[in-house]
$ cat my_file18.cif   # mmCIF, C-alpha atoms and all ligand atoms
data_model
#
loop_
_atom_site.group_PDB
_atom_site.id
_atom_site.type_symbol
_atom_site.label_atom_id
_atom_site.label_comp_id
_atom_site.auth_asym_id
_atom_site.auth_seq_id
_atom_site.Cartn_x
_atom_site.Cartn_y
_atom_site.Cartn_z
ATOM 1 C CA MET B 272 -188.216 165.183 53.755
ATOM 2 C CA ILE B 273 -189.360 166.085 57.288
ATOM 3 C CA GLN B 274 -192.184 168.564 57.863
ATOM 4 C CA ILE B 275 -193.197 169.480 61.401
ATOM 5 C CA ASP B 276 -196.215 171.743 61.942
ATOM 6 C CA ASN B 277 -197.239 173.238 65.288
ATOM 7 C CA LEU B 278 -195.906 170.302 67.297
ATOM 8 C CA VAL B 279 -196.849 170.374 70.983
ATOM 9 C CA LYS B 280 -196.070 168.056 73.890
ATOM 10 C CA LYS B 281 -197.494 168.602 77.351
ATOM 11 C CA PHE B 282 -196.761 166.444 80.383
ATOM 12 C CA PRO B 283 -198.864 166.151 83.531
ATOM 13 C CA HIS B 284 -197.170 168.115 86.272
ATOM 14 C CA LYS B 285 -197.713 168.835 89.964
ATOM 15 C CA THR B 286 -197.241 172.417 91.155
ATOM 16 C CA LYS B 287 -195.299 173.178 94.353
ATOM 17 C CA ALA B 288 -198.643 173.430 96.119
ATOM 18 C CA GLY B 289 -199.420 169.861 94.970
ATOM 19 C CA LYS B 290 -202.055 170.850 92.399
ATOM 20 C CA ASN B 291 -202.368 168.925 89.137
ATOM 21 C CA SER B 292 -201.202 170.982 86.197
ATOM 22 C CA GLU B 293 -199.462 170.636 82.820
ATOM 23 C CA LYS B 294 -195.954 171.364 81.687
ATOM 24 C CA THR B 295 -195.319 172.265 78.049
ATOM 25 C CA ALA B 296 -192.084 170.544 76.955
ATOM 26 C CA VAL B 297 -192.458 171.396 73.238
ATOM 27 C CA ASP B 298 -194.399 174.513 72.378
ATOM 28 C CA ASN B 299 -195.801 174.926 68.859
ATOM 29 C CA LEU B 300 -192.699 173.815 66.966
ATOM 30 C CA SER B 301 -192.732 174.132 63.167
ATOM 31 C CA LEU B 302 -189.798 173.426 60.851
ATOM 32 C CA SER B 303 -188.817 171.426 57.808
ATOM 33 C CA VAL B 304 -185.690 169.476 56.919
ATOM 34 C CA GLY B 305 -184.515 168.743 53.376
ATOM 35 C CA GLU B 306 -183.245 165.471 51.940
ATOM 36 C CA GLY B 307 -179.580 164.753 52.727
ATOM 37 C CA GLU B 308 -179.403 167.638 55.183
ATOM 38 C CA ILE B 309 -177.650 167.461 58.561
ATOM 39 C CA PHE B 310 -180.053 169.320 60.804
ATOM 40 C CA GLY B 311 -179.271 170.156 64.419
ATOM 41 C CA LEU B 312 -181.566 170.937 67.318
ATOM 42 C CA LEU B 313 -179.474 172.924 69.771
ATOM 43 C CA GLY B 314 -180.604 173.907 73.236
ATOM 44 C CA PRO B 315 -179.787 173.920 76.921
ATOM 45 C CA ASN B 316 -180.877 171.167 79.317
ATOM 46 C CA GLY B 317 -184.635 170.862 79.451
ATOM 47 C CA ALA B 318 -185.185 172.761 76.182
ATOM 48 C CA GLY B 319 -187.297 169.928 74.755
ATOM 49 C CA LYS B 320 -184.795 168.311 72.377
ATOM 50 C CA THR B 321 -185.249 164.702 73.517
ATOM 51 C CA THR B 322 -189.021 165.083 73.695
ATOM 52 C CA THR B 323 -189.027 166.346 70.081
ATOM 53 C CA ILE B 324 -186.935 163.399 68.889
ATOM 54 C CA ARG B 325 -189.140 160.982 70.823
ATOM 55 C CA MET B 326 -192.212 162.333 69.008
ATOM 56 C CA LEU B 327 -190.440 162.197 65.647
ATOM 57 C CA THR B 328 -189.475 158.562 66.225
ATOM 58 C CA MET B 329 -192.876 157.426 67.527
ATOM 59 C CA GLN B 330 -191.683 156.800 71.062
ATOM 60 C CA THR B 331 -194.231 159.235 72.445
ATOM 61 C CA GLN B 332 -197.455 160.725 71.089
ATOM 62 C CA PRO B 333 -197.619 164.465 70.414
ATOM 63 C CA THR B 334 -200.276 166.414 72.307
ATOM 64 C CA GLY B 335 -200.873 168.418 69.143
ATOM 65 C CA GLY B 336 -199.529 169.239 65.718
ATOM 66 C CA ARG B 337 -198.491 167.227 62.706
ATOM 67 C CA ILE B 338 -195.387 165.350 61.539
ATOM 68 C CA ARG B 339 -194.915 164.345 57.902
ATOM 69 C CA TYR B 340 -192.132 162.388 56.204
ATOM 70 C CA LYS B 341 -192.029 162.508 52.407
ATOM 71 C CA ASP B 342 -195.469 164.178 52.468
ATOM 72 C CA MET B 343 -196.956 161.267 54.435
ATOM 73 C CA ASP B 344 -198.605 161.899 57.780
ATOM 74 C CA LEU B 345 -196.824 159.978 60.547
ATOM 75 C CA ALA B 346 -200.018 159.362 62.495
ATOM 76 C CA GLU B 347 -201.690 157.767 59.454
ATOM 77 C CA HIS B 348 -198.725 155.846 57.989
ATOM 78 C CA ALA B 349 -196.818 154.823 61.126
ATOM 79 C CA GLN B 350 -195.958 151.262 60.030
ATOM 80 C CA GLU B 351 -194.865 152.266 56.556
ATOM 81 C CA LEU B 352 -192.798 155.186 57.818
ATOM 82 C CA LYS B 353 -191.099 153.132 60.548
ATOM 83 C CA SER B 354 -189.068 151.430 57.841
ATOM 84 C CA ILE B 355 -187.572 154.710 56.596
ATOM 85 C CA ILE B 356 -186.344 155.963 59.953
ATOM 86 C CA GLY B 357 -183.407 154.853 62.098
ATOM 87 C CA VAL B 358 -182.748 155.903 65.684
ATOM 88 C CA VAL B 359 -179.491 156.349 67.579
ATOM 89 C CA PRO B 360 -180.579 156.780 71.202
ATOM 90 C CA GLN B 361 -178.821 158.954 73.759
ATOM 91 C CA HIS B 362 -178.064 155.980 75.998
ATOM 92 C CA VAL B 363 -176.334 152.788 74.917
ATOM 93 C CA ASN B 364 -178.948 150.023 74.979
ATOM 94 C CA PHE B 365 -177.296 146.877 73.592
ATOM 95 C CA ASP B 366 -177.698 143.412 74.993
ATOM 96 C CA GLN B 367 -174.521 143.433 77.089
ATOM 97 C CA ASP B 368 -174.228 139.624 77.102
ATOM 98 C CA LEU B 369 -173.980 139.395 73.314
ATOM 99 C CA THR B 370 -171.127 140.088 70.929
ATOM 100 C CA VAL B 371 -171.003 142.976 68.474
ATOM 101 C CA GLY B 372 -172.076 140.701 65.609
ATOM 102 C CA GLU B 373 -174.845 139.051 67.641
ATOM 103 C CA ASN B 374 -176.316 142.429 68.594
ATOM 104 C CA LEU B 375 -176.522 143.437 64.937
ATOM 105 C CA GLU B 376 -177.928 140.034 63.986
ATOM 106 C CA LEU B 377 -180.650 140.372 66.618
ATOM 107 C CA HIS B 378 -181.648 143.820 65.365
ATOM 108 C CA ALA B 379 -181.655 142.678 61.724
ATOM 109 C CA ARG B 380 -183.995 139.813 62.636
ATOM 110 C CA LEU B 381 -186.326 142.273 64.363
ATOM 111 C CA HIS B 382 -186.492 144.085 61.032
ATOM 112 C CA HIS B 383 -187.343 140.762 59.307
ATOM 113 C CA MET B 384 -184.258 140.873 57.098
ATOM 114 C CA LYS B 385 -183.524 137.643 55.233
ATOM 115 C CA ARG B 386 -180.398 135.645 56.188
ATOM 116 C CA ALA B 387 -178.241 136.468 53.176
ATOM 117 C CA GLU B 388 -179.235 140.135 53.261
ATOM 118 C CA ARG B 389 -178.545 140.244 57.019
ATOM 119 C CA GLN B 390 -175.078 138.811 56.670
ATOM 120 C CA GLN B 391 -174.108 141.092 53.816
ATOM 121 C CA ARG B 392 -175.481 144.233 55.443
ATOM 122 C CA ILE B 393 -173.783 143.474 58.779
ATOM 123 C CA ARG B 394 -170.453 142.945 56.997
ATOM 124 C CA GLU B 395 -170.855 146.219 55.077
ATOM 125 C CA LEU B 396 -171.828 148.241 58.131
ATOM 126 C CA LEU B 397 -169.068 146.882 60.352
ATOM 127 C CA ALA B 398 -166.616 147.985 57.674
ATOM 128 C CA TYR B 399 -168.388 151.370 57.376
ATOM 129 C CA VAL B 400 -167.998 152.131 61.095
ATOM 130 C CA GLU B 401 -164.602 150.361 61.266
ATOM 131 C CA LEU B 402 -165.602 147.684 63.743
ATOM 132 C CA THR B 403 -164.934 144.582 61.613
ATOM 133 C CA ASP B 404 -162.075 143.493 63.880
ATOM 134 C CA VAL B 405 -164.258 143.368 66.984
ATOM 135 C CA VAL B 406 -167.229 141.494 65.483
ATOM 136 C CA ASN B 407 -166.772 138.606 67.929
ATOM 137 C CA ASP B 408 -166.024 140.718 71.005
ATOM 138 C CA GLY B 409 -168.592 141.180 73.735
ATOM 139 C CA VAL B 410 -170.057 144.684 73.639
ATOM 140 C CA ARG B 411 -169.014 145.221 77.265
ATOM 141 C CA ARG B 412 -165.402 145.355 76.105
ATOM 142 C CA LEU B 413 -165.904 148.200 73.615
ATOM 143 C CA SER B 414 -164.762 151.763 74.325
ATOM 144 C CA GLY B 415 -167.344 154.564 74.496
ATOM 145 C CA GLY B 416 -166.542 155.675 70.935
ATOM 146 C CA MET B 417 -166.835 152.114 69.596
ATOM 147 C CA LYS B 418 -170.218 151.697 71.278
ATOM 148 C CA ARG B 419 -171.445 154.918 69.628
ATOM 149 C CA ARG B 420 -170.258 153.651 66.236
ATOM 150 C CA LEU B 421 -172.017 150.345 66.846
ATOM 151 C CA LEU B 422 -175.234 152.224 67.711
ATOM 152 C CA ILE B 423 -174.939 153.992 64.347
ATOM 153 C CA ALA B 424 -174.314 150.720 62.476
ATOM 154 C CA ARG B 425 -177.327 149.160 64.180
ATOM 155 C CA ALA B 426 -179.557 152.120 63.289
ATOM 156 C CA LEU B 427 -178.490 151.893 59.621
ATOM 157 C CA LEU B 428 -179.100 148.132 59.203
ATOM 158 C CA HIS B 429 -182.476 148.429 57.494
ATOM 159 C CA GLN B 430 -181.232 151.281 55.247
ATOM 160 C CA PRO B 431 -183.300 154.126 56.704
ATOM 161 C CA ARG B 432 -183.558 157.368 54.723
ATOM 162 C CA ILE B 433 -183.719 159.505 57.891
ATOM 163 C CA LEU B 434 -181.464 158.962 60.885
ATOM 164 C CA PHE B 435 -182.369 160.516 64.237
ATOM 165 C CA MET B 436 -179.503 160.911 66.682
ATOM 166 C CA ASP B 437 -180.047 162.104 70.243
ATOM 167 C CA GLU B 438 -176.803 163.667 71.521
ATOM 168 C CA PRO B 439 -174.592 161.445 69.312
ATOM 169 C CA THR B 440 -171.288 162.429 70.918
ATOM 170 C CA VAL B 441 -172.245 163.083 74.519
ATOM 171 C CA ALA B 442 -169.409 162.214 76.936
ATOM 172 C CA LEU B 443 -166.923 161.365 74.180
ATOM 173 C CA ASP B 444 -163.470 162.904 74.016
ATOM 174 C CA PRO B 445 -162.772 165.446 71.216
ATOM 175 C CA GLN B 446 -160.876 163.029 68.943
ATOM 176 C CA VAL B 447 -163.599 160.377 69.096
ATOM 177 C CA ARG B 448 -166.222 163.094 68.591
ATOM 178 C CA ARG B 449 -164.507 164.164 65.364
ATOM 179 C CA ARG B 450 -164.467 160.555 64.145
ATOM 180 C CA ILE B 451 -168.241 160.354 64.678
ATOM 181 C CA TRP B 452 -168.688 163.684 62.847
ATOM 182 C CA GLN B 453 -166.833 162.263 59.855
ATOM 183 C CA LEU B 454 -169.169 159.298 59.874
ATOM 184 C CA ILE B 455 -172.241 161.545 60.037
ATOM 185 C CA ARG B 456 -170.950 163.655 57.119
ATOM 186 C CA GLN B 457 -170.347 160.476 55.137
ATOM 187 C CA MET B 458 -173.917 159.323 55.780
ATOM 188 C CA ALA B 459 -175.290 162.663 54.550
ATOM 189 C CA ARG B 460 -173.147 162.347 51.401
ATOM 190 C CA ASP B 461 -174.675 158.896 50.955
ATOM 191 C CA GLY B 462 -178.105 160.578 50.914
ATOM 192 C CA VAL B 463 -179.271 159.936 54.482
ATOM 193 C CA THR B 464 -181.059 162.868 56.134
ATOM 194 C CA VAL B 465 -179.639 163.361 59.623
ATOM 195 C CA PHE B 466 -181.629 165.001 62.401
ATOM 196 C CA LEU B 467 -179.623 165.340 65.597
ATOM 197 C CA THR B 468 -179.889 166.994 68.963
ATOM 198 C CA THR B 469 -176.925 168.414 70.766
ATOM 199 C CA HIS B 470 -176.026 170.761 73.541
ATOM 200 C CA TYR B 471 -172.502 171.110 72.158
ATOM 201 C CA ILE B 472 -172.370 174.377 70.248
ATOM 202 C CA GLU B 473 -169.133 173.302 68.557
ATOM 203 C CA GLU B 474 -170.898 170.204 67.229
ATOM 204 C CA ALA B 475 -173.736 172.230 65.736
ATOM 205 C CA GLU B 476 -171.315 174.753 64.244
ATOM 206 C CA ASN B 477 -168.990 172.182 62.672
ATOM 207 C CA LEU B 478 -171.415 169.573 61.535
ATOM 208 C CA CYS B 479 -174.862 170.947 60.802
ATOM 209 C CA ASP B 480 -176.065 172.495 57.557
ATOM 210 C CA ARG B 481 -178.780 174.266 59.548
ATOM 211 C CA VAL B 482 -179.393 174.695 63.245
ATOM 212 C CA ALA B 483 -182.605 175.311 65.169
ATOM 213 C CA ILE B 484 -182.129 176.882 68.573
ATOM 214 C CA LEU B 485 -184.678 175.658 71.084
ATOM 215 C CA ASN B 486 -185.235 177.229 74.493
ATOM 216 C CA LYS B 487 -187.970 176.272 76.975
ATOM 217 C CA GLY B 488 -189.716 174.248 74.271
ATOM 218 C CA ARG B 489 -189.854 177.123 71.789
ATOM 219 C CA LEU B 490 -188.031 177.634 68.529
ATOM 220 C CA VAL B 491 -185.957 180.752 69.078
ATOM 221 C CA ALA B 492 -184.217 180.891 65.688
ATOM 222 C CA LEU B 493 -183.301 178.719 62.699
ATOM 223 C CA ASP B 494 -180.532 179.282 60.158
ATOM 224 C CA THR B 495 -177.156 178.085 58.871
ATOM 225 C CA PRO B 496 -174.299 178.554 61.370
ATOM 226 C CA GLN B 497 -172.693 181.023 58.952
ATOM 227 C CA ASN B 498 -175.843 183.149 58.533
ATOM 228 C CA PHE B 499 -176.386 183.226 62.290
ATOM 229 C CA CYS B 500 -172.912 184.719 62.776
ATOM 230 C CA GLU B 501 -173.299 187.153 59.877
ATOM 231 C CA LYS B 502 -176.623 188.431 61.160
ATOM 232 C CA LEU B 503 -175.150 189.117 64.588
ATOM 233 C CA GLY B 504 -172.010 190.689 63.094
ATOM 234 C CA ARG B 505 -168.978 188.770 61.847
ATOM 235 C CA TYR B 506 -166.591 190.421 64.325
ATOM 236 C CA THR B 507 -166.822 190.359 68.096
ATOM 237 C CA VAL B 508 -165.110 192.776 70.438
ATOM 238 C CA GLU B 509 -164.987 191.528 74.033
ATOM 239 C CA TRP B 510 -163.511 193.079 77.151
ATOM 240 C CA ASP B 511 -163.744 193.085 80.953
ATOM 241 C CA GLY B 512 -166.552 195.506 81.812
ATOM 242 C CA SER B 513 -167.953 196.534 85.179
ATOM 243 C CA ALA B 514 -170.494 193.668 85.073
ATOM 244 C CA GLY B 515 -168.063 190.989 83.866
ATOM 245 C CA ARG B 516 -167.086 190.114 80.304
ATOM 246 C CA GLU B 517 -168.867 192.340 77.789
ATOM 247 C CA TYR B 518 -169.408 191.826 74.051
ATOM 248 C CA GLN B 519 -170.182 194.013 71.067
ATOM 249 C CA PHE B 520 -170.720 192.766 67.495
ATOM 250 C CA PHE B 521 -169.730 194.430 64.209
ATOM 251 C CA ALA B 522 -170.326 193.680 60.539
ATOM 252 C CA GLU B 523 -166.977 195.200 59.491
ATOM 253 C CA LYS B 524 -163.529 194.564 60.859
ATOM 254 C CA GLN B 525 -162.600 198.272 60.642
ATOM 255 C CA ALA B 526 -165.581 199.238 62.804
ATOM 256 C CA ALA B 527 -164.605 196.586 65.380
ATOM 257 C CA ALA B 528 -161.005 197.849 65.367
ATOM 258 C CA ALA B 529 -162.139 201.497 65.720
ATOM 259 C CA PHE B 530 -164.352 200.581 68.684
ATOM 260 C CA ALA B 531 -161.540 198.601 70.320
ATOM 261 C CA GLY B 532 -159.161 201.538 69.707
ATOM 262 C CA GLN B 533 -161.401 203.841 71.745
ATOM 263 C CA GLN B 534 -160.840 201.593 74.765
ATOM 264 C CA ALA B 535 -157.064 202.016 74.422
ATOM 265 C CA GLY B 536 -155.164 200.916 77.497
ATOM 266 C CA ASP B 537 -157.677 198.180 78.370
ATOM 267 C CA GLY B 538 -155.458 195.074 78.187
ATOM 268 C CA SER B 539 -158.465 192.736 78.326
ATOM 269 C CA ILE B 540 -159.866 193.830 74.944
ATOM 270 C CA LEU B 541 -159.993 191.237 72.181
ATOM 271 C CA ILE B 542 -161.230 191.249 68.555
ATOM 272 C CA ARG B 543 -162.181 187.836 67.110
ATOM 273 C CA PRO B 544 -164.577 186.190 64.631
ATOM 274 C CA THR B 545 -168.113 185.755 65.976
ATOM 275 C CA ASN B 546 -169.067 182.137 66.653
ATOM 276 C CA LEU B 547 -172.280 180.213 67.245
ATOM 277 C CA GLU B 548 -171.757 180.387 71.001
ATOM 278 C CA ASP B 549 -172.075 184.196 70.820
ATOM 279 C CA VAL B 550 -175.301 183.763 68.837
ATOM 280 C CA PHE B 551 -176.627 181.220 71.320
ATOM 281 C CA ILE B 552 -175.911 183.493 74.285
ATOM 282 C CA GLU B 553 -177.525 186.488 72.571
ATOM 283 C CA LEU B 554 -180.638 184.459 71.732
ATOM 284 C CA THR B 555 -181.106 182.470 74.942
ATOM 285 C CA GLY B 556 -179.393 184.717 77.465
ATOM 286 C CA ARG B 557 -177.470 181.704 78.745
ATOM 287 C CA ARG B 558 -173.776 181.814 79.315
ATOM 288 C CA GLU B 559 -173.541 178.635 81.383
ATOM 289 C CA GLY B 560 -175.165 175.245 81.512
ATOM 290 C CA ILE B 561 -175.453 174.900 77.757
HETATM 291 N N1 LIG C 1 -191.870 161.919 80.824
HETATM 292 C C1 LIG C 1 -191.875 163.164 81.288
HETATM 293 N N2 LIG C 1 -192.731 163.558 82.246
HETATM 294 C C2 LIG C 1 -192.765 164.822 82.724
HETATM 295 N N3 LIG C 1 -191.940 165.811 82.264
HETATM 296 C C3 LIG C 1 -191.070 165.489 81.302
HETATM 297 C C4 LIG C 1 -190.976 164.151 80.769
HETATM 298 N N4 LIG C 1 -189.997 164.146 79.812
HETATM 299 C C5 LIG C 1 -189.503 165.400 79.766
HETATM 300 N N5 LIG C 1 -190.145 166.199 80.644
HETATM 301 C C6 LIG C 1 -189.895 167.632 80.865
HETATM 302 O O1 LIG C 1 -189.962 168.287 79.596
HETATM 303 C C7 LIG C 1 -188.940 169.280 79.477
HETATM 304 C C8 LIG C 1 -188.074 168.998 78.262
HETATM 305 O O2 LIG C 1 -187.292 167.827 78.512
HETATM 306 P P1 LIG C 1 -186.329 167.172 77.410
HETATM 307 O O3 LIG C 1 -185.740 165.936 78.021
HETATM 308 O O4 LIG C 1 -187.068 167.026 76.144
HETATM 309 O O5 LIG C 1 -185.224 168.306 77.255
HETATM 310 P P2 LIG C 1 -183.802 168.226 76.560
HETATM 311 O O6 LIG C 1 -183.656 169.490 75.778
HETATM 312 O O7 LIG C 1 -183.652 166.953 75.812
HETATM 313 O O8 LIG C 1 -182.829 168.244 77.815
HETATM 314 P P3 LIG C 1 -181.435 167.449 78.067
HETATM 315 O O9 LIG C 1 -180.391 168.212 77.286
HETATM 316 O O10 LIG C 1 -181.279 167.599 79.550
HETATM 317 O O11 LIG C 1 -181.617 166.036 77.617
HETATM 318 C C9 LIG C 1 -188.175 169.250 80.802
HETATM 319 O O12 LIG C 1 -188.662 170.253 81.634
HETATM 320 C C10 LIG C 1 -188.483 167.888 81.367
HETATM 321 O O13 LIG C 1 -188.434 167.905 82.779
#
$ encode --input "my_file18.cif" --output "structure tokens"
Amino acid sequence: MIQIDNLVKKFPHKTKAGKNSEKTAVDNLSLSVGEGEIFGLLGPNGAGKTTTIRMLTMQTQPTGGRIRYKDMDLAEHAQELKSIIGVVPQHVNFDQDLTVGENLELHARLHHMKRAERQQRIRELLAYVELTDVVNDGVRRLSGGMKRRLLIARALLHQPRILFMDEPTVALDPQVRRRIWQLIRQMARDGVTVFLTTHYIEEAENLCDRVAILNKGRLVALDTPQNFCEKLGRYTVEWDGSAGREYQFFAEKQAAAAFAGQQAGDGSILIRPTNLEDVFIELTGRREGI
């Protein structure tokens, strides 16, 4: 569905000495995403996630490389391919003076949808994201979670086959986040391919079929959350070492237990299932600022 080959984005940059230079935000990224998949791009701040999504959604030109949707080159078929993609931006960008319904109406008109089709689709989508009751409310009055759901409804109006979501649950509380996850899973079941960025490891682990870990613009690893954990070792032993918390990974529970047993008397020792955060830390070396 999505094929990315050797994608590069460089920005002009001034060095500390004031010299003109270039900064590579996305460095030779190649990956592919299948139809109906929920694919996550996970990385710390500045990893290049937003820049990648901006290239994939034609908001900025790549410096190099190739993007294809359904075997069609994005650079050659931009107009045609625009109709199959939807975008949920990181920041809420509605017209704040309009109601929920008016915002959707405006967007549908921009997509040249006919009146009857517009009305039906808006009704369907408001029901889908459970916002029917607030159709006549001004968007200013919506909660953060409602605004996110409205962004999703707006992005789905023209029935895109691929939905790009940049940090879909940033700054939402855990309950609202889970509600959005349900909605994303539902969309994937309905056949929409979802490509999202996140810096929440829990989001990638719970929601994504496959996860690409990006660090400093480079693809560090790509796999299913389950395979990532199995490759590292399904069991983690952690304890307070001389240099802070230390971790060791084991494929078998008995081996983890035997290792922990050798440290008898250390009250800080813990055996638990390995999670994607352990994988992320091993691969990026980052324990904070994810
Ligand atoms: N328009 C721009 N001009 C110059 N540098 C840029 C521009 N946009 C992004 N960058 C740089 O490119 C790198 C990647 O930024 P990007 O926003 O893609 O990262 P990110 O992974 O989305 O981070 P975050 O989680 O903070 O949103 C950063 O070093 C950033 O400073």
$ closest_atom_pairs --input "my_file18.cif" --of "segment 405-517 of chain B" --to "segment 367-378 of chain B" --cutoff "10 Å" --atoms "all atoms listed in the file" --output "CSV"
residue,atom,partner,partner_atom,distance
B:Val405,CA,B:Val371,CA,6.9
B:Val406,CA,B:Gly372,CA,4.9
B:Asn407,CA,B:Thr370,CA,5.5
B:Asp408,CA,B:Thr370,CA,5.1
B:Gly409,CA,B:Thr370,CA,3.9
B:Val410,CA,B:Thr370,CA,5.4
B:Arg411,CA,B:Gln367,CA,5.8
B:Arg412,CA,B:Thr370,CA,9.3
B:Leu413,CA,B:Val371,CA,8.9
B:Lys418,CA,B:Val371,CA,9.2
B:Leu421,CA,B:Val371,CA,7.6
B:Leu422,CA,B:Leu375,CA,9.3
B:Ala424,CA,B:Leu375,CA,8.0
B:Arg425,CA,B:Leu375,CA,5.8
B:Ala426,CA,B:His378,CA,8.8
B:Leu428,CA,B:Leu375,CA,7.8
B:His429,CA,B:His378,CA,9.2
$ closest_residue --input "my_file18.cif" --among "B:Gln274, B:Thr322, B:Thr331, B:Asn291" --to "Gly305 of chain B" --atoms "only C-alpha atoms"
B:Gln274
$ residues_around --input "my_file18.cif" --residues "segment 468-470 of chain B" --least-positions-apart "2" --cutoff "10 Å" --atoms "only C-alpha atoms" --output "VMD selection string"
chain B and resid 310 to 316 318 to 321 323 to 324 361 435 to 441 466 472 to 475 482 to 484 560 to 561
$ atom_distance --input "my_file18.cif" --atom1 "atom CA of Ala398 of chain B" --atom2 "atom CA of Met417 of chain B"
12.6 Å
$ residues_around --input "my_file18.cif" --residues "Gly307 of chain B" --least-positions-apart "5" --cutoff "6 Å" --atoms "all atoms listed in the file" --output "PyMOL selection string"
chain B and resi 459+462-464
$ closest_residue --input "my_file18.cif" --among "B:Gly416, B:Gly335, B:Gly488, B:Pro445" --to "ligand LIG 1 (chain C)" --atoms "only C-alpha atoms and all ligand atoms"
B:Gly488
$ closest_residue --input "my_file18.cif" --among "B:Thr545, B:Asn364, B:Asn486, B:Gln390" --to "ligand LIG 1 (chain C)" --atoms "only C-alpha atoms and all ligand atoms"
B:Asn486
$ atom_distance --input "my_file18.cif" --atom1 "atom CA of Lys341 of chain B" --atom2 "atom CA of Met326 of chain B"
16.6 Å
$ axis_aligned_box --input "my_file18.cif" --around "ligand LIG 1 (chain C)" --padding-each-side "8 Å" --output "JSON"
{"center_x": -186.6, "center_y": 166.1, "center_z": 79.3, "size_x": 28.4, "size_y": 24.3, "size_z": 23.0}
$ resolve_selection --input "my_file18.cif" --expression "the PyMOL selection byres (((chain B and resi 276-279) around 12) and not hetatm)" --output "PyMOL selection string"
chain B and resi 273-275+280-282+294-304+319+322-324+326-327+331-340+344-345+488-490
$ closest_residue --input "my_file18.cif" --among "B:Gly532, B:Glu548, B:Arg450, B:Ala522" --to "Pro496 of chain B" --atoms "only C-alpha atoms"
B:Glu548
$ atom_distance --input "my_file18.cif" --atom1 "atom CA of Asp444 of chain B" --atom2 "atom CA of Met458 of chain B"
21.3 Å
$ closest_residue --input "my_file18.cif" --among "B:Lys487, B:Arg460, B:Arg389, B:Arg432" --to "ligand LIG 1 (chain C)" --atoms "all atoms listed in the file"
B:Lys487
$ resolve_selection --input "my_file18.cif" --expression "the PyMOL selection byres (((chain B and resi 550) around 12) and not hetatm)" --output "number ranges by chain"
B: 313, 472, 476, 482-484, 491-507, 518-520, 544-549, 551-558
$ closest_residue --input "my_file18.cif" --among "B:Glu306, B:Leu467, B:Lys287, B:Val400" --to "ligand LIG 1 (chain C)" --atoms "all atoms listed in the file"
B:Leu467
$ resolve_selection --input "my_file18.cif" --expression "the PyMOL selection byres (((chain B and resi 539) around 6) and not hetatm)" --output "compact mmCIF listing (two decimals) with C-alpha atoms, in the frame of the given file"
# COMPACT_ATOMS: atom_id res chain seq x y z
CA TRP B 510 -163.51 193.08 77.15
CA ASP B 511 -163.74 193.08 80.95
CA ASP B 537 -157.68 198.18 78.37
CA GLY B 538 -155.46 195.07 78.19
CA ILE B 540 -159.87 193.83 74.94
